[in-house]
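Asker: Compact mmCIF, C-alpha atoms and all ligand atoms, file start-v4.txt:
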# COMPACT_ATOMS: atom_id res chain seq x y z
CA MET A 1 64.60 -31.81 15.93
CA PRO A 2 67.82 -30.93 17.71
CA GLU A 3 68.41 -33.17 20.72
CA LEU A 4 70.98 -33.19 23.52
CA PRO A 5 74.15 -33.51 21.35
CA GLU A 6 73.16 -30.80 18.88
CA VAL A 7 71.94 -28.40 21.56
CA GLU A 8 75.14 -29.02 23.54
CA ALA A 9 77.22 -28.20 20.45
CA LEU A 10 75.06 -25.13 19.72
CA ALA A 11 75.63 -23.91 23.27
CA GLY A 12 79.38 -24.29 22.74
CA ASP A 13 79.33 -22.55 19.36
CA LEU A 14 77.22 -19.68 20.68
CA SER A 15 79.36 -19.35 23.82
CA ARG A 16 82.35 -18.63 21.60
CA ARG A 17 80.50 -16.26 19.30
CA LEU A 18 78.64 -14.33 21.99
CA ALA A 19 81.50 -13.98 24.48
CA GLY A 20 82.18 -10.35 25.25
CA ARG A 21 79.16 -9.10 23.30
CA ALA A 22 76.14 -7.28 24.64
CA VAL A 23 72.57 -7.59 23.39
CA VAL A 24 71.66 -4.43 21.49
CA ARG A 25 68.01 -5.43 21.01
CA VAL A 26 65.82 -8.39 20.20
CA ASP A 27 63.46 -8.02 17.23
CA ILE A 28 60.54 -10.38 17.51
CA VAL A 29 59.09 -11.20 14.09
CA ALA A 30 56.73 -14.09 14.86
CA PHE A 31 55.01 -12.97 18.04
CA SER A 32 53.48 -16.38 18.69
CA CYS A 33 56.95 -17.73 19.57
CA LEU A 34 57.35 -15.42 22.58
CA LYS A 35 55.83 -17.21 25.58
CA THR A 36 56.48 -14.67 28.36
CA TYR A 37 55.82 -10.96 28.87
CA ASP A 38 57.46 -10.17 32.21
CA PRO A 39 60.29 -9.21 32.09
CA PRO A 40 59.75 -7.68 28.65
CA VAL A 41 62.09 -8.50 25.74
CA THR A 42 63.48 -4.98 26.03
CA ALA A 43 64.96 -5.96 29.43
CA LEU A 44 67.69 -7.81 27.51
CA ALA A 45 68.94 -4.68 25.77
CA GLY A 46 72.31 -3.48 27.02
CA GLY A 47 73.07 -6.66 28.98
CA MET A 48 76.30 -8.61 28.43
CA VAL A 49 75.99 -12.26 27.40
CA ASP A 50 77.58 -13.96 30.41
CA SER A 51 77.05 -17.57 29.38
CA VAL A 52 75.20 -19.93 27.05
CA ARG A 53 74.11 -23.19 28.63
CA ARG A 54 71.99 -26.21 27.82
CA HIS A 55 69.16 -27.61 29.95
CA GLY A 56 67.84 -30.75 28.26
CA LYS A 57 66.95 -29.52 24.77
CA PHE A 58 66.67 -25.87 25.90
CA LEU A 59 69.30 -23.20 25.23
CA ASP A 60 69.77 -20.61 27.95
CA LEU A 61 71.50 -17.29 27.27
CA ASP A 62 72.31 -15.53 30.52
CA VAL A 63 72.24 -11.83 29.66
CA SER A 64 73.47 -10.06 32.80
CA GLY A 65 71.05 -12.01 34.96
CA THR A 66 68.06 -11.93 32.62
CA HIS A 67 67.71 -15.16 30.68
CA LEU A 68 66.69 -15.63 27.07
CA VAL A 69 65.66 -19.27 26.84
CA LEU A 70 65.05 -20.99 23.50
CA HIS A 71 63.39 -24.25 22.61
CA LEU A 72 64.01 -25.00 18.96
CA ALA A 73 61.33 -27.73 18.80
CA LYS A 74 60.81 -29.54 15.52
CA ALA A 75 61.97 -27.12 12.85
CA GLY A 76 63.63 -24.27 14.72
CA TRP A 77 67.26 -23.37 14.17
CA VAL A 78 69.75 -20.54 14.67
CA ARG A 79 71.77 -18.71 12.02
CA TRP A 80 74.70 -16.47 12.75
CA ARG A 81 75.10 -13.23 10.80
CA ASP A 82 78.41 -11.34 10.74
CA GLU A 83 76.54 -8.28 9.56
CA VAL A 84 73.20 -6.96 10.69
CA PRO A 85 70.83 -6.26 7.78
CA ALA A 86 70.02 -2.54 7.57
CA MET A 87 66.27 -3.02 7.47
CA PRO A 88 64.56 -4.32 10.61
CA PRO A 89 62.87 -7.66 9.93
CA ARG A 90 59.15 -7.67 9.23
CA PRO A 91 56.70 -10.57 9.41
CA SER A 92 56.29 -12.23 6.05
CA SER A 93 54.73 -15.49 4.97
CA LYS A 94 57.85 -16.28 2.92
CA SER A 95 60.38 -15.71 5.69
CA THR A 96 61.39 -18.33 8.25
CA LEU A 97 62.75 -15.65 10.60
CA ALA A 98 61.05 -15.74 14.00
CA ALA A 99 63.34 -13.39 15.94
CA ARG A 100 66.66 -11.60 15.58
CA VAL A 101 69.05 -10.94 18.46
CA VAL A 102 71.25 -7.98 17.53
CA LEU A 103 74.63 -8.01 19.27
CA SER A 104 77.26 -5.39 19.93
CA PRO A 105 80.74 -5.75 18.42
CA GLY A 106 82.95 -8.24 20.27
CA PRO A 107 85.89 -7.34 22.54
CA GLU A 108 88.16 -7.04 19.47
CA GLY A 109 85.88 -4.45 17.94
CA GLY A 110 84.44 -4.86 14.46
CA ASP A 111 80.78 -4.75 13.55
CA GLU A 112 77.53 -5.58 15.21
CA ALA A 113 76.41 -9.16 14.55
CA ALA A 114 73.10 -10.95 14.81
CA LEU A 115 71.71 -14.28 15.82
CA ASP A 116 68.66 -15.18 13.74
CA LEU A 117 66.18 -17.66 15.16
CA THR A 118 64.34 -19.38 12.34
CA GLU A 119 61.53 -21.86 12.03
CA ALA A 120 61.02 -23.79 8.84
CA GLY A 121 57.94 -25.84 9.63
CA THR A 122 54.29 -24.98 9.53
CA ARG A 123 53.77 -26.37 13.03
CA LYS A 124 54.92 -23.22 14.80
CA SER A 125 56.47 -24.56 17.96
CA LEU A 126 59.73 -22.63 18.34
CA ALA A 127 59.50 -21.07 21.80
CA LEU A 128 61.26 -18.08 23.36
CA TYR A 129 61.11 -17.14 27.02
CA VAL A 130 62.52 -14.11 28.81
CA VAL A 131 62.83 -14.98 32.51
CA ARG A 132 64.79 -14.07 35.63
CA ASP A 133 65.55 -17.71 36.36
CA PRO A 134 65.55 -20.57 33.81
CA ALA A 135 63.54 -22.68 36.29
CA GLU A 136 60.60 -20.34 35.62
CA VAL A 137 60.25 -22.13 32.27
CA GLU A 138 57.93 -25.02 33.00
CA GLY A 139 59.64 -27.35 30.53
CA ILE A 140 62.96 -26.79 32.32
CA ALA A 141 61.51 -27.13 35.82
CA ARG A 142 60.04 -30.51 34.85
CA LEU A 143 63.25 -31.94 33.34
CA GLY A 144 64.53 -35.25 34.63
CA PRO A 145 68.26 -35.84 35.21
CA ASP A 146 70.78 -35.12 32.44
CA PRO A 147 72.21 -38.44 31.18
CA LEU A 148 75.70 -37.05 30.57
CA VAL A 149 76.15 -35.57 34.03
CA GLY A 150 78.40 -37.53 36.37
CA ASP A 151 75.89 -38.68 38.94
CA PHE A 152 73.55 -40.23 36.33
CA GLY A 153 74.34 -43.90 36.83
CA PRO A 154 72.69 -47.30 36.35
CA ASP A 155 70.81 -46.79 39.64
CA THR A 156 69.33 -43.53 38.36
CA LEU A 157 68.19 -45.34 35.22
CA ARG A 158 66.73 -48.24 37.24
CA ALA A 159 64.67 -45.84 39.36
CA ILE A 160 63.33 -44.12 36.23
CA LEU A 161 62.39 -47.42 34.59
CA ASP A 162 60.73 -48.78 37.73
CA ARG A 163 58.68 -45.62 38.07
CA ALA A 164 57.53 -45.98 34.45
CA GLY A 165 56.11 -49.45 35.12
CA ARG A 166 55.06 -51.36 32.01
CA ALA A 167 55.28 -48.34 29.70
CA GLN A 168 57.19 -49.04 26.47
CA ILE A 169 60.90 -48.24 26.82
CA LYS A 170 60.94 -46.10 23.65
CA GLY A 171 58.45 -43.64 25.12
CA VAL A 172 60.11 -43.65 28.54
CA LEU A 173 63.51 -42.67 27.10
CA ARG A 174 62.21 -39.65 25.21
CA GLN A 175 59.95 -38.32 27.97
CA GLN A 176 61.76 -35.18 29.14
CA SER A 177 60.58 -35.48 32.74
CA ASN A 178 62.29 -38.91 32.93
CA ILE A 179 65.60 -38.09 31.24
CA ALA A 180 66.55 -34.68 29.85
CA GLY A 181 67.57 -34.27 26.23
CA ILE A 182 66.75 -37.55 24.44
CA GLY A 183 64.19 -37.27 21.65
CA ASN A 184 62.81 -39.42 18.87
CA ALA A 185 66.09 -39.84 16.98
CA TYR A 186 68.49 -40.73 19.81
CA SER A 187 65.99 -43.01 21.53
CA ASP A 188 65.92 -45.08 18.30
CA GLU A 189 69.70 -45.03 18.16
CA ILE A 190 70.15 -45.99 21.82
CA LEU A 191 67.76 -48.94 21.53
CA HIS A 192 69.51 -50.14 18.38
CA VAL A 193 72.90 -50.00 20.10
CA ALA A 194 71.41 -51.84 23.10
CA ARG A 195 69.76 -54.43 20.76
CA MET A 196 66.51 -53.88 22.59
CA SER A 197 62.91 -53.82 21.38
CA PRO A 198 61.40 -50.32 21.50
CA PHE A 199 58.21 -51.91 22.88
CA LYS A 200 59.91 -53.64 25.83
CA PRO A 201 58.18 -52.78 29.12
CA ALA A 202 60.38 -50.39 31.11
CA ASN A 203 60.33 -52.37 34.34
CA SER A 204 61.14 -55.73 32.71
CA LEU A 205 64.91 -55.24 32.28
CA ASP A 206 67.19 -57.59 34.18
CA ASP A 207 70.49 -56.28 35.60
CA GLU A 208 72.49 -57.14 32.51
CA GLU A 209 70.00 -55.45 30.19
CA LEU A 210 70.03 -52.41 32.41
CA GLU A 211 73.82 -52.15 32.16
CA VAL A 212 73.64 -52.56 28.39
CA LEU A 213 70.99 -49.85 28.07
CA PHE A 214 72.88 -47.51 30.36
CA ALA A 215 76.09 -47.97 28.34
CA ALA A 216 74.14 -47.40 25.09
CA ILE A 217 72.73 -44.10 26.41
CA ARG A 218 76.19 -42.90 27.40
CA SER A 219 77.92 -44.02 24.20
CA SER A 220 75.24 -42.87 21.73
CA LEU A 221 74.96 -39.40 23.24
CA GLY A 222 78.62 -39.09 24.22
CA ASP A 223 79.87 -40.03 20.73
CA ALA A 224 77.42 -37.61 19.11
CA VAL A 225 78.53 -34.81 21.44
CA GLU A 226 82.15 -35.56 20.62
CA ARG A 227 81.50 -35.45 16.88
CA SER A 228 79.46 -32.24 17.15
CA THR A 229 81.67 -30.28 19.51
CA GLY A 230 83.45 -27.46 17.76
CA LEU A 231 81.20 -27.61 14.69
CA GLU A 232 79.39 -24.48 13.60
CA ALA A 233 75.62 -24.39 13.88
CA SER A 234 75.29 -24.67 10.11
CA LYS A 235 77.12 -28.03 10.06
CA LEU A 236 75.31 -29.73 12.92
CA LYS A 237 72.21 -31.01 11.18
CA GLY A 238 74.20 -32.70 8.43
CA GLU A 239 76.52 -34.22 11.00
CA LYS A 240 73.62 -35.72 12.92
CA LYS A 241 71.95 -37.15 9.82
CA THR A 242 75.13 -38.77 8.48
CA ASN A 243 75.77 -40.70 11.66
CA LEU A 244 72.34 -42.07 12.54
CA ARG A 245 72.20 -45.88 12.37
CA VAL A 246 68.48 -46.52 12.11
CA HIS A 247 66.52 -43.33 12.81
CA GLY A 248 65.10 -41.92 9.57
CA ARG A 249 66.64 -44.81 7.60
CA ALA A 250 63.65 -47.06 6.94
CA GLY A 251 64.28 -49.23 3.89
CA GLN A 252 68.06 -48.96 4.15
CA PRO A 253 70.34 -51.76 5.39
CA CYS A 254 71.11 -52.01 9.11
CA PRO A 255 74.80 -51.05 9.53
CA VAL A 256 75.29 -53.98 11.92
CA CYS A 257 73.55 -56.94 10.26
CA GLY A 258 72.35 -55.77 6.85
CA ASP A 259 68.67 -56.49 7.49
CA THR A 260 66.30 -53.77 6.22
CA VAL A 261 65.57 -51.03 8.76
CA ARG A 262 61.84 -50.91 9.45
CA SER A 263 59.49 -48.16 10.57
CA VAL A 264 56.46 -48.49 12.80
CA SER A 265 54.05 -45.84 14.08
CA PHE A 266 54.68 -44.66 17.62
CA ALA A 267 52.81 -41.96 19.54
CA ASP A 268 52.57 -38.89 17.30
CA SER A 269 55.21 -40.03 14.81
CA SER A 270 57.13 -43.18 13.94
CA LEU A 271 60.17 -45.05 15.10
CA GLU A 272 62.80 -47.01 13.20
CA TYR A 273 64.45 -50.24 14.28
CA CYS A 274 66.14 -53.39 13.02
CA ALA A 275 64.12 -56.56 13.57
CA THR A 276 67.17 -58.85 13.42
CA CYS A 277 69.15 -56.81 15.96
CA GLN A 278 66.31 -55.80 18.26
CA THR A 279 63.21 -57.98 18.13
CA GLY A 280 64.47 -61.49 17.43
CA GLY A 281 63.72 -61.12 13.71
CA LYS A 282 60.02 -60.50 14.30
CA PRO A 283 58.65 -57.23 12.85
CA LEU A 284 56.70 -55.11 15.31
CA ALA A 285 52.98 -54.78 14.61
CA ASP A 286 52.05 -51.37 13.28
CA ARG A 287 48.92 -50.49 15.20
CA ARG A 288 48.06 -47.65 12.88
CA MET A 289 48.11 -49.99 9.89
CA SER A 290 46.09 -52.73 11.50
CA ARG A 291 43.49 -50.18 12.61
CA LEU A 292 43.15 -48.98 9.04
CA LEU A 293 42.77 -52.52 7.69
CA LYS A 294 40.00 -53.51 10.08
ZN ZN B 1 70.48 -55.13 12.39
Please express the file's structure as structure tokens.
Ligand SMILES: [Zn+2]

Answerer:
Amino acid sequence: MPELPEVEALAGDLSRRLAGRAVVRVDIVAFSCLKTYDPPVTALAGGMVDSVRRHGKFLDLDVSGTHLVLHLAKAGWVRWRDEVPAMPPRPSSKSTLAARVVLSPGPEGGDEAALDLTEAGTRKSLALYVVRDPAEVEGIARLGPDPLVGDFGPDTLRAILDRAGRAQIKGVLRQQSNIAGIGNAYSDEILHVARMSPFKPANSLDDEELEVLFAAIRSSLGDAVERSTGLEASKLKGEKKTNLRVHGRAGQPCPVCGDTVRSVSFADSSLEYCATCQTGGKPLADRRMSRLLK
């Protein structure tokens, strides 16, 4: 799933590609992905793309005051087309295409182009919203502070952790209403950098641990943004995967200490961590496994 760094880079890539273009039309292929009906999708037609911004993990295309907001969710992605296929897209069980945004030629002329929104998974969760104000999207209205914005400091983090009480830090970091933009992958990475157990109660951090966690949030996300900036959409997923330290790397050596990266079930998925770096060498109990064994 794309998280803050990838969505930030996507917003940058799309800003460059969409600058000076108008939306010709939006073809919706998978109707389940469109979550709003007023204003209608046709309201975007003819509008200039004024900006592309990120809110948490949401992308927001401002089309002359009407907003096309995208949430790529687990398996959604965007693909740029320099040429628009002649045939309008039709729903098909074989196609991953969920919607196509057809764009006018850019300021230098040339051809129409298209932005394809695709979804590879079976869990259809790609979401599109057409709204007058991005805050009309509930997921955006609920977002906590953005961790890369200037006024997000250690005090902001302390307030979030105190409010979360004894909840496990892993879940607190990826809850969008606490902090915007961190998901399953970067929460694993941040906790590995901070050498902190994913199961540590949120309100149990002393001042030093808080500083360490804050610095890990800034460096993990900031470094990933730096690496991703300027990359085309098609390169971003590979970039993310190559640079992850523990997330998705169960069974491989920890890049810091060489211990084997472990996986344990967490909420609706799993998390990865290094026992030597993060939990004093003691593997975390996998509740799902122990339930099965009983
Ligand atoms: Zn390690």

Asker: Show me which residues sit within 10 Å of ligand ZN 1 (chain B) when counting only C-alpha atoms and all ligand atoms, and put them as a ChimeraX atom specification.

Answerer: /A:192-193,195,245-246,253-261,273-279,281

Asker: Enter the distance from atom CA of Lys237 of chain A to atom CA of Thr122 of chain A, in Å, rounded to one decimal.

Answerer: 19.0 Å

Asker: So, with all atoms listed in the file as the atoms that count, which of A:Asp82, A:Gln168, A:Gly56, A:Gly248 lies closest to Pro145 of chain A?

Answerer: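 Smallest separation from Pro145 of chain A among the options: A:Gly56.
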
Asker: Within 12 Å of (53.7, -38.8, 19.6) (file coordinates; all atoms listed in the file), which protein or nucleic acid residues are there? I'd like them as a ChimeraX atom specification.

Answerer: /A:170-171,174-175,183-184,265-271

Asker: Can you spit out the residues from that selection as a PDB file, in the frame of the given file, using C-alpha atoms?

Answerer:
ATOM      1  CA  LYS A 170      60.940 -46.100  23.650  1.00  0.00           C
ATOM      2  CA  GLY A 171      58.450 -43.640  25.120  1.00  0.00           C
ATOM      3  CA  ARG A 174      62.210 -39.650  25.210  1.00  0.00           C
ATOM      4  CA  GLN A 175      59.950 -38.320  27.970  1.00  0.00           C
ATOM      5  CA  GLY A 183      64.190 -37.270  21.650  1.00  0.00           C
ATOM      6  CA  ASN A 184      62.810 -39.420  18.870  1.00  0.00           C
ATOM      7  CA  SER A 265      54.050 -45.840  14.080  1.00  0.00           C
ATOM      8  CA  PHE A 266      54.680 -44.660  17.620  1.00  0.00           C
ATOM      9  CA  ALA A 267      52.810 -41.960  19.540  1.00  0.00           C
ATOM     10  CA  ASP A 268      52.570 -38.890  17.300  1.00  0.00           C
ATOM     11  CA  SER A 269      55.210 -40.030  14.810  1.00  0.00           C
ATOM     12  CA  SER A 270      57.130 -43.180  13.940  1.00  0.00           C
ATOM     13  CA  LEU A 271      60.170 -45.050  15.100  1.00  0.00           C
TER      14      LEU A 271
END

Asker: List the neighbours of segment 228-236 of chain A out to 6 Å using all atoms listed in the file; skip same-chain residues closer than 2 positions along the sequence, and give me the result as a PyMOL selection string.

Answerer: chain A and resi 9-10+225-226+238-239

Asker: Report the centre and edge lengths, in Å to one decimal, of an axis-aligned box enclosing every atom of segment 209-220 of chain A listed in the file, padded by 3 Å on each side, as AutoDock Vina command-line options.

Answerer:
--center_x 74.0 --center_y -49.2 --center_z 27.1 --size_x 13.9 --size_y 18.6 --size_z 16.7

Asker: Let me make sure I understand: among A:Val130, A:Leu191, A:Met1, A:Val78, which one has the smallest atom-to-atom distance to Val41 of chain A if we use all atoms listed in the file?

Answerer: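 With all atoms listed in the file as the atom set, the closest residue is A:Val130.
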
Asker: Would you list the residues near (80.1, -11.9, 20.2) (no more than 9 Å away, in the coordinates of the file, using all atoms listed in the file) as an NGL selection string?

Answerer: :A and (14-22 or 49 or 103-107 or 112-114)

Asker: May I ask for the distance between atom CA of Glu3 of chain A and atom CA of Ile160 of chain A, given in Å to one decimal place?

Answerer: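 Those two atoms sit 19.7 Å apart.
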
Asker: What does the distance from atom CA of Asp116 of chain A to atom CA of Arg81 of chain A come to in Å, to one decimal?

Answerer: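 Spanning atom CA of Asp116 of chain A to atom CA of Arg81 of chain A is a straight-line distance of 7.3 Å.
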
Asker: When you look at Ala185 of chain A with a cut-off of 7 Å (counting all atoms listed in the file), what residues show up, excluding the ones that are within fewer than 3 positions of it in the same chain? I need them as a list in words.

Answerer: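 These residues fall inside the cut-off: Asp188, Glu189 and His247 of chain A.
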
Asker: Kindly indicate which residue among A:Asn203, A:Thr42, A:Ser125, A:Ser197 lies nearest to Arg163 of chain A, using all atoms listed in the file for the distances.

Answerer: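 Using all atoms listed in the file, Arg163 of chain A sits closest to A:Asn203.
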
Asker: Which residues are close to segment 32-40 of chain A, i.e. within 12 Å by only C-alpha atoms, leaving aside same-chain residues fewer than 2 positions away? Reply as a PyMOL selection string.

Answerer: chain A and resi 25-30+42-45+65-73+76+91+97-99+117-119+123-133+136-139

Asker: Can you patch up segment 110-121 of chain A, filling it in to all heavy atoms, and show the result as a compact mmCIF listing (two decimals), keeping the file's coordinate frame?

Answerer:
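Dumped everything to out_7.txt:
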# COMPACT_ATOMS: atom_id res chain seq x y z
N GLY A 110 85.14 -4.37 15.65
CA GLY A 110 84.44 -4.86 14.46
C GLY A 110 83.02 -4.38 14.42
O GLY A 110 82.69 -3.32 14.98
N ASP A 111 82.15 -5.17 13.78
CA ASP A 111 80.78 -4.75 13.55
C ASP A 111 79.82 -5.41 14.51
O ASP A 111 80.16 -6.40 15.17
CB ASP A 111 80.36 -5.12 12.12
CG ASP A 111 81.16 -4.33 11.09
OD1 ASP A 111 81.49 -3.16 11.38
OD2 ASP A 111 81.45 -4.89 10.02
N GLU A 112 78.61 -4.87 14.53
CA GLU A 112 77.53 -5.58 15.21
C GLU A 112 77.28 -6.89 14.46
O GLU A 112 77.57 -7.00 13.26
CB GLU A 112 76.25 -4.72 15.17
CG GLU A 112 76.31 -3.53 16.13
CD GLU A 112 74.95 -2.82 16.23
OE1 GLU A 112 74.10 -3.04 15.35
OE2 GLU A 112 74.78 -2.04 17.18
N ALA A 113 76.75 -7.87 15.17
CA ALA A 113 76.41 -9.16 14.55
C ALA A 113 74.99 -9.50 14.97
O ALA A 113 74.37 -8.77 15.76
CB ALA A 113 77.38 -10.23 15.01
N ALA A 114 74.47 -10.58 14.44
CA ALA A 114 73.10 -10.95 14.81
C ALA A 114 72.96 -12.46 14.87
O ALA A 114 73.65 -13.20 14.16
CB ALA A 114 72.10 -10.37 13.82
N LEU A 115 72.07 -12.88 15.74
CA LEU A 115 71.71 -14.28 15.82
C LEU A 115 70.25 -14.37 15.38
O LEU A 115 69.37 -13.83 16.04
CB LEU A 115 71.86 -14.75 17.28
CG LEU A 115 71.61 -16.22 17.52
CD1 LEU A 115 72.67 -17.07 16.83
CD2 LEU A 115 71.62 -16.51 19.02
N ASP A 116 70.03 -15.02 14.23
CA ASP A 116 68.66 -15.18 13.74
C ASP A 116 68.09 -16.49 14.25
O ASP A 116 68.75 -17.53 14.18
CB ASP A 116 68.65 -15.21 12.20
CG ASP A 116 68.73 -13.82 11.60
OD1 ASP A 116 68.81 -12.84 12.38
OD2 ASP A 116 68.71 -13.71 10.36
N LEU A 117 66.88 -16.45 14.75
CA LEU A 117 66.18 -17.66 15.16
C LEU A 117 65.13 -17.93 14.09
O LEU A 117 64.29 -17.07 13.82
CB LEU A 117 65.51 -17.47 16.52
CG LEU A 117 66.42 -16.83 17.58
CD1 LEU A 117 65.66 -16.60 18.87
CD2 LEU A 117 67.64 -17.72 17.82
N THR A 118 65.22 -19.09 13.47
CA THR A 118 64.34 -19.38 12.34
C THR A 118 63.47 -20.59 12.65
O THR A 118 63.79 -21.41 13.50
CB THR A 118 65.17 -19.70 11.09
OG1 THR A 118 65.95 -20.87 11.34
CG2 THR A 118 66.10 -18.54 10.73
N GLU A 119 62.36 -20.67 11.92
CA GLU A 119 61.53 -21.86 12.03
C GLU A 119 60.98 -22.21 10.66
O GLU A 119 60.26 -21.42 10.05
CB GLU A 119 60.38 -21.66 13.02
CG GLU A 119 59.56 -22.93 13.13
CD GLU A 119 58.64 -22.96 14.34
OE1 GLU A 119 58.04 -21.92 14.63
OE2 GLU A 119 58.55 -24.02 14.96
N ALA A 120 61.36 -23.41 10.20
CA ALA A 120 61.02 -23.79 8.84
C ALA A 120 59.63 -24.40 8.72
O ALA A 120 58.97 -24.29 7.70
CB ALA A 120 62.06 -24.77 8.31
N GLY A 121 59.16 -25.06 9.77
CA GLY A 121 57.94 -25.84 9.63
C GLY A 121 56.68 -25.00 9.66
O GLY A 121 56.72 -23.79 9.89
